[in-house]
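For reference, target-v4.pdb (PDB, C-alpha atoms, pLDDT in the B column):
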```
ATOM      1  CA  MET A1003     -91.438   3.256 -13.817  1.00 93.00           C
ATOM      2  CA  ILE A1004     -87.794   4.224 -14.047  1.00 96.00           C
ATOM      3  CA  HIS A1005     -85.845   7.133 -12.596  1.00 97.00           C
ATOM      4  CA  VAL A1006     -82.293   8.145 -13.436  1.00 97.00           C
ATOM      5  CA  ILE A1007     -80.256  10.258 -11.043  1.00 97.00           C
ATOM      6  CA  MET A1008     -77.439  11.679 -13.136  1.00 96.00           C
ATOM      7  CA  GLY A1009     -74.570  13.986 -12.300  1.00 93.00           C
ATOM      8  CA  LEU A1010     -70.846  14.176 -11.913  1.00 92.00           C
ATOM      9  CA  LYS A1011     -68.970  12.832  -8.891  1.00 91.00           C
ATOM     10  CA  GLY A1012     -69.807  14.783  -5.747  1.00 89.00           C
ATOM     11  CA  SER A1013     -73.153  16.090  -7.002  1.00 92.00           C
ATOM     12  CA  GLY A1014     -75.216  14.234  -4.371  1.00 92.00           C
ATOM     13  CA  LYS A1015     -76.485  11.298  -6.417  1.00 94.00           C
ATOM     14  CA  THR A1016     -75.931   8.684  -3.723  1.00 93.00           C
ATOM     15  CA  LYS A1017     -77.588  10.862  -1.068  1.00 95.00           C
ATOM     16  CA  LYS A1018     -80.700  11.183  -3.267  1.00 96.00           C
ATOM     17  CA  LEU A1019     -80.618   7.434  -3.871  1.00 96.00           C
ATOM     18  CA  VAL A1020     -80.332   6.602  -0.155  1.00 96.00           C
ATOM     19  CA  ASP A1021     -83.215   8.950   0.672  1.00 96.00           C
ATOM     20  CA  SER A1022     -85.347   7.337  -2.028  1.00 96.00           C
ATOM     21  CA  ILE A1023     -84.477   3.823  -0.829  1.00 97.00           C
ATOM     22  CA  ASN A1024     -85.345   4.581   2.785  1.00 96.00           C
ATOM     23  CA  GLU A1025     -88.626   6.194   1.739  1.00 96.00           C
ATOM     24  CA  ALA A1026     -89.511   3.204  -0.453  1.00 96.00           C
ATOM     25  CA  VAL A1027     -89.029   0.810   2.455  1.00 95.00           C
ATOM     26  CA  THR A1028     -91.798   2.583   4.361  1.00 94.00           C
ATOM     27  CA  THR A1029     -94.207   2.973   1.423  1.00 94.00           C
ATOM     28  CA  ALA A1030     -93.580   0.018  -0.919  1.00 91.00           C
ATOM     29  CA  HIS A1031     -95.970  -2.904  -0.902  1.00 92.00           C
ATOM     30  CA  GLY A1032     -93.206  -5.322  -1.769  1.00 94.00           C
ATOM     31  CA  ASP A1033     -89.513  -5.994  -1.432  1.00 96.00           C
ATOM     32  CA  VAL A1034     -86.801  -3.389  -2.025  1.00 97.00           C
ATOM     33  CA  VAL A1035     -83.457  -4.389  -3.559  1.00 97.00           C
ATOM     34  CA  CYS A1036     -80.355  -2.236  -3.990  1.00 97.00           C
ATOM     35  CA  ILE A1037     -77.539  -3.310  -6.280  1.00 97.00           C
ATOM     36  CA  GLU A1038     -74.373  -1.445  -5.394  1.00 95.00           C
ATOM     37  CA  TYR A1039     -70.776  -1.541  -6.559  1.00 94.00           C
ATOM     38  CA  GLY A1040     -68.840  -2.368  -3.420  1.00 91.00           C
ATOM     39  CA  LYS A1041     -70.252  -2.456   0.081  1.00 91.00           C
ATOM     40  CA  LYS A1042     -70.735   1.239   0.744  1.00 92.00           C
ATOM     41  CA  LEU A1043     -74.393   1.618   1.672  1.00 93.00           C
ATOM     42  CA  THR A1044     -74.635  -0.968   4.446  1.00 92.00           C
ATOM     43  CA  TYR A1045     -75.041   1.583   7.225  1.00 93.00           C
ATOM     44  CA  ASP A1046     -76.976   4.158   5.185  1.00 94.00           C
ATOM     45  CA  VAL A1047     -80.049   2.170   4.184  1.00 96.00           C
ATOM     46  CA  ASN A1048     -82.748   0.501   6.227  1.00 94.00           C
ATOM     47  CA  TYR A1049     -81.982  -3.071   7.309  1.00 94.00           C
ATOM     48  CA  ARG A1050     -85.039  -4.342   5.382  1.00 95.00           C
ATOM     49  CA  VAL A1051     -83.423  -3.454   2.053  1.00 96.00           C
ATOM     50  CA  ARG A1052     -81.761  -6.369   0.290  1.00 96.00           C
ATOM     51  CA  LEU A1053     -78.279  -5.063  -0.520  1.00 96.00           C
ATOM     52  CA  VAL A1054     -76.422  -6.832  -3.316  1.00 96.00           C
ATOM     53  CA  ASP A1055     -72.783  -6.146  -4.155  1.00 96.00           C
ATOM     54  CA  SER A1056     -72.419  -6.503  -7.928  1.00 95.00           C
ATOM     55  CA  LYS A1057     -68.676  -7.134  -7.517  1.00 95.00           C
ATOM     56  CA  GLU A1058     -69.403 -10.349  -5.581  1.00 95.00           C
ATOM     57  CA  TYR A1059     -71.302 -11.706  -8.594  1.00 95.00           C
ATOM     58  CA  GLY A1060     -68.755 -10.620 -11.188  1.00 95.00           C
ATOM     59  CA  ILE A1061     -71.176  -8.357 -13.060  1.00 95.00           C
ATOM     60  CA  THR A1062     -69.081  -6.457 -15.595  1.00 94.00           C
ATOM     61  CA  ASN A1063     -71.331  -5.622 -18.548  1.00 95.00           C
ATOM     62  CA  PRO A1064     -74.940  -4.718 -19.391  1.00 96.00           C
ATOM     63  CA  ASP A1065     -75.939  -8.230 -20.453  1.00 96.00           C
ATOM     64  CA  MET A1066     -74.783  -9.692 -17.147  1.00 96.00           C
ATOM     65  CA  LEU A1067     -76.739  -7.055 -15.228  1.00 97.00           C
ATOM     66  CA  LYS A1068     -79.844  -7.705 -17.364  1.00 97.00           C
ATOM     67  CA  GLY A1069     -79.582 -11.408 -16.577  1.00 97.00           C
ATOM     68  CA  PHE A1070     -79.052 -10.659 -12.898  1.00 97.00           C
ATOM     69  CA  LEU A1071     -82.128  -8.403 -12.726  1.00 97.00           C
ATOM     70  CA  SER A1072     -84.177 -10.961 -14.617  1.00 97.00           C
ATOM     71  CA  GLY A1073     -83.034 -13.678 -12.218  1.00 97.00           C
ATOM     72  CA  LEU A1074     -83.890 -11.548  -9.192  1.00 96.00           C
ATOM     73  CA  HIS A1075     -87.372 -11.018 -10.546  1.00 96.00           C
ATOM     74  CA  ALA A1076     -87.814 -14.667 -11.503  1.00 96.00           C
ATOM     75  CA  GLY A1077     -86.861 -15.708  -7.977  1.00 96.00           C
ATOM     76  CA  ASN A1078     -89.013 -13.129  -6.209  1.00 94.00           C
ATOM     77  CA  PHE A1079     -92.108 -11.633  -7.841  1.00 93.00           C
ATOM     78  CA  ASP A1080     -92.623  -9.503  -4.711  1.00 95.00           C
ATOM     79  CA  ILE A1081     -89.798  -7.107  -5.653  1.00 96.00           C
ATOM     80  CA  THR A1082     -91.386  -3.729  -6.311  1.00 96.00           C
ATOM     81  CA  ASN A1083     -88.371  -1.447  -6.152  1.00 97.00           C
ATOM     82  CA  VAL A1084     -84.861  -1.953  -7.518  1.00 98.00           C
ATOM     83  CA  TYR A1085     -82.076   0.573  -7.037  1.00 98.00           C
ATOM     84  CA  ILE A1086     -78.783   0.455  -8.912  1.00 97.00           C
ATOM     85  CA  ASP A1087     -75.972   2.639  -7.615  1.00 95.00           C
ATOM     86  CA  ASN A1088     -72.997   3.552  -9.822  1.00 93.00           C
ATOM     87  CA  LEU A1089     -74.243   2.063 -13.084  1.00 95.00           C
ATOM     88  CA  TYR A1090     -71.067   2.845 -15.016  1.00 94.00           C
ATOM     89  CA  LYS A1091     -68.827   1.289 -12.362  1.00 93.00           C
ATOM     90  CA  THR A1092     -70.879  -1.887 -12.633  1.00 93.00           C
ATOM     91  CA  ILE A1093     -71.175  -2.212 -16.419  1.00 94.00           C
ATOM     92  CA  GLY A1094     -68.360   0.003 -17.744  1.00 90.00           C
ATOM     93  CA  ASN A1095     -68.178   3.626 -18.842  1.00 86.00           C
ATOM     94  CA  ASP A1096     -69.569   3.228 -22.354  1.00 86.00           C
ATOM     95  CA  ARG A1097     -72.337   5.851 -22.572  1.00 89.00           C
ATOM     96  CA  GLU A1098     -74.080   4.155 -25.508  1.00 91.00           C
ATOM     97  CA  SER A1099     -74.268   0.786 -23.702  1.00 93.00           C
ATOM     98  CA  GLY A1100     -75.412   2.539 -20.544  1.00 93.00           C
ATOM     99  CA  GLU A1101     -78.221   4.317 -22.342  1.00 94.00           C
ATOM    100  CA  LYS A1102     -79.336   1.088 -24.042  1.00 96.00           C
ATOM    101  CA  PHE A1103     -79.382  -0.571 -20.625  1.00 96.00           C
ATOM    102  CA  ILE A1104     -81.485   2.264 -19.178  1.00 96.00           C
ATOM    103  CA  LEU A1105     -84.006   1.897 -22.018  1.00 96.00           C
ATOM    104  CA  TRP A1106     -84.102  -1.865 -21.420  1.00 97.00           C
ATOM    105  CA  CYS A1107     -84.757  -1.164 -17.713  1.00 97.00           C
ATOM    106  CA  ALA A1108     -87.663   1.100 -18.625  1.00 97.00           C
ATOM    107  CA  GLN A1109     -89.286  -1.688 -20.627  1.00 97.00           C
ATOM    108  CA  PHE A1110     -88.485  -4.344 -17.998  1.00 97.00           C
ATOM    109  CA  ALA A1111     -89.924  -2.183 -15.204  1.00 97.00           C
ATOM    110  CA  GLU A1112     -93.120  -1.548 -17.138  1.00 96.00           C
ATOM    111  CA  GLU A1113     -93.613  -5.204 -18.071  1.00 96.00           C
ATOM    112  CA  ASN A1114     -93.036  -6.379 -14.489  1.00 95.00           C
ATOM    113  CA  ASP A1115     -94.774  -3.580 -12.571  1.00 94.00           C
ATOM    114  CA  MET A1116     -91.690  -2.447 -10.700  1.00 96.00           C
ATOM    115  CA  ASN A1117     -89.818   0.774 -10.057  1.00 97.00           C
ATOM    116  CA  ILE A1118     -86.156   0.980 -11.011  1.00 97.00           C
ATOM    117  CA  THR A1119     -83.918   3.868  -9.979  1.00 98.00           C
ATOM    118  CA  LEU A1120     -80.320   4.201 -11.187  1.00 96.00           C
ATOM    119  CA  THR A1121     -77.455   6.567 -10.483  1.00 96.00           C
ATOM    120  CA  VAL A1122     -75.168   7.465 -13.361  1.00 95.00           C
ATOM    121  CA  SER A1123     -71.941   9.445 -13.033  1.00 93.00           C
ATOM    122  CA  ASP A1124     -72.135  11.560 -16.143  1.00 92.00           C
ATOM    123  CA  GLU A1125     -73.201  15.007 -17.250  1.00 92.00           C
ATOM    124  CA  ALA A1126     -76.993  15.129 -17.618  1.00 91.00           C
ATOM    125  CA  GLU A1127     -76.636  17.480 -20.600  1.00 91.00           C
ATOM    126  CA  LYS A1128     -74.854  14.739 -22.541  1.00 90.00           C
ATOM    127  CA  ALA A1129     -77.690  12.212 -22.120  1.00 91.00           C
ATOM    128  CA  SER A1130     -79.871  11.327 -25.088  1.00 92.00           C
ATOM    129  CA  GLU A1131     -83.381  12.749 -25.243  1.00 93.00           C
ATOM    130  CA  ALA A1132     -84.792   9.292 -24.489  1.00 93.00           C
ATOM    131  CA  VAL A1133     -82.792   9.076 -21.250  1.00 93.00           C
ATOM    132  CA  LYS A1134     -83.467  12.708 -20.326  1.00 93.00           C
ATOM    133  CA  ALA A1135     -87.153  11.757 -20.045  1.00 94.00           C
ATOM    134  CA  PHE A1136     -86.247   9.602 -17.013  1.00 96.00           C
ATOM    135  CA  LEU A1137     -84.057  12.139 -15.195  1.00 95.00           C
ATOM    136  CA  VAL A1138     -85.070  13.083 -11.670  1.00 88.00           C
TER     137      VAL A1138
END
```
Starting from the file, lay out its structure as structure tokens.
Amino acid sequence: MIHVIMGLKGSGKTKKLVDSINEAVTTAHGDVVCIEYGKKLTYDVNYRVRLVDSKEYGITNPDMLKGFLSGLHAGNFDITNVYIDNLYKTIGNDRESGEKFILWCAQFAEENDMNITLTVSDEAEKASEAVKAFLV
């Protein structure tokens, strides 16, 4: 399953994400991973969450992030929840590429029985109908 938290800067996306992460830690039957852009969530999320700074791994486009997610899953089949904060900061601000990545995530999550939640700094009204189906 995939969830997209979308809104402009200052709309509370990260707060919703942090709340969801901390809830998942208590209810998930597997590991919880959060991919963030920069080390901003260290003190906001539970210590059991595996925080990954995408800047440390040089992730700059959708294909690199797809490979990174695939590698995480290949190395740990116990991951049940993946959170990605600031998608556009990680892969660039191209809306079309971002939406293709979100659709790829939906398929990847379904095939691997995991939940993926992303935050996207953009106007929800401008999202495609396919992406709007995943909005929270």
TODO: Find the distance between atom CA of Gly1069 of chain A and atom CA of His1005 of chain A and write it in Å to one decimal.
DONE: 20.0 Å
Box for segment 1115-1119 of chain A - axis-aligned, 4 Å on each of the six sides, all listed atoms - centre and size in Å to one decimal, as AutoDock Vina command-line options.
```
--center_x -89.3 --center_y 0.1 --center_z -11.3 --size_x 18.9 --size_y 15.4 --size_z 10.6
```
What lies within 10 Å of Asp1046 of chain A using all atoms listed in the file, ignoring chain neighbours under 3 positions off, as a PDB file with C-alpha atoms, in the frame of the given file?
```
ATOM      1  CA  LYS A1017     -77.588  10.862  -1.068  1.00 95.00           C
ATOM      2  CA  VAL A1020     -80.332   6.602  -0.155  1.00 96.00           C
ATOM      3  CA  ASP A1021     -83.215   8.950   0.672  1.00 96.00           C
ATOM      4  CA  ILE A1023     -84.477   3.823  -0.829  1.00 97.00           C
ATOM      5  CA  ASN A1024     -85.345   4.581   2.785  1.00 96.00           C
ATOM      6  CA  LYS A1042     -70.735   1.239   0.744  1.00 92.00           C
ATOM      7  CA  LEU A1043     -74.393   1.618   1.672  1.00 93.00           C
ATOM      8  CA  TYR A1049     -81.982  -3.071   7.309  1.00 94.00           C
TER       9      TYR A1049
END
```
Task: Separation of atom CA of Glu1131 of chain A from atom CA of Val1006 of chain A in Å - done: 12.7 Å
Open item on the list: Let me make sure I understand: among A:Ser1099, A:Ser1130, A:Thr1082, A:Thr1092, which one has the smallest atom-to-atom distance to Ala1111 of chain A if we use all atoms listed in the file?
Closed with: A:Thr1082
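Proximity to Gly1100 of chain A was assessed for A:Asp1065, A:Glu1025, A:Glu1038, A:Glu1112 counting only C-alpha atoms; the smallest distance is recorded for A:Asp1065.
One distance worth recording is that between atom CA of Ser1013 of chain A and atom CA of Ser1123 of chain A, which is 9.1 Å.
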Task: Shortest interatomic distance to Gly1040 of chain A - which of A:Gly1077, A:Gly1014, A:Gly1009, A:Gly1060, counting all atoms listed in the file - done: A:Gly1060
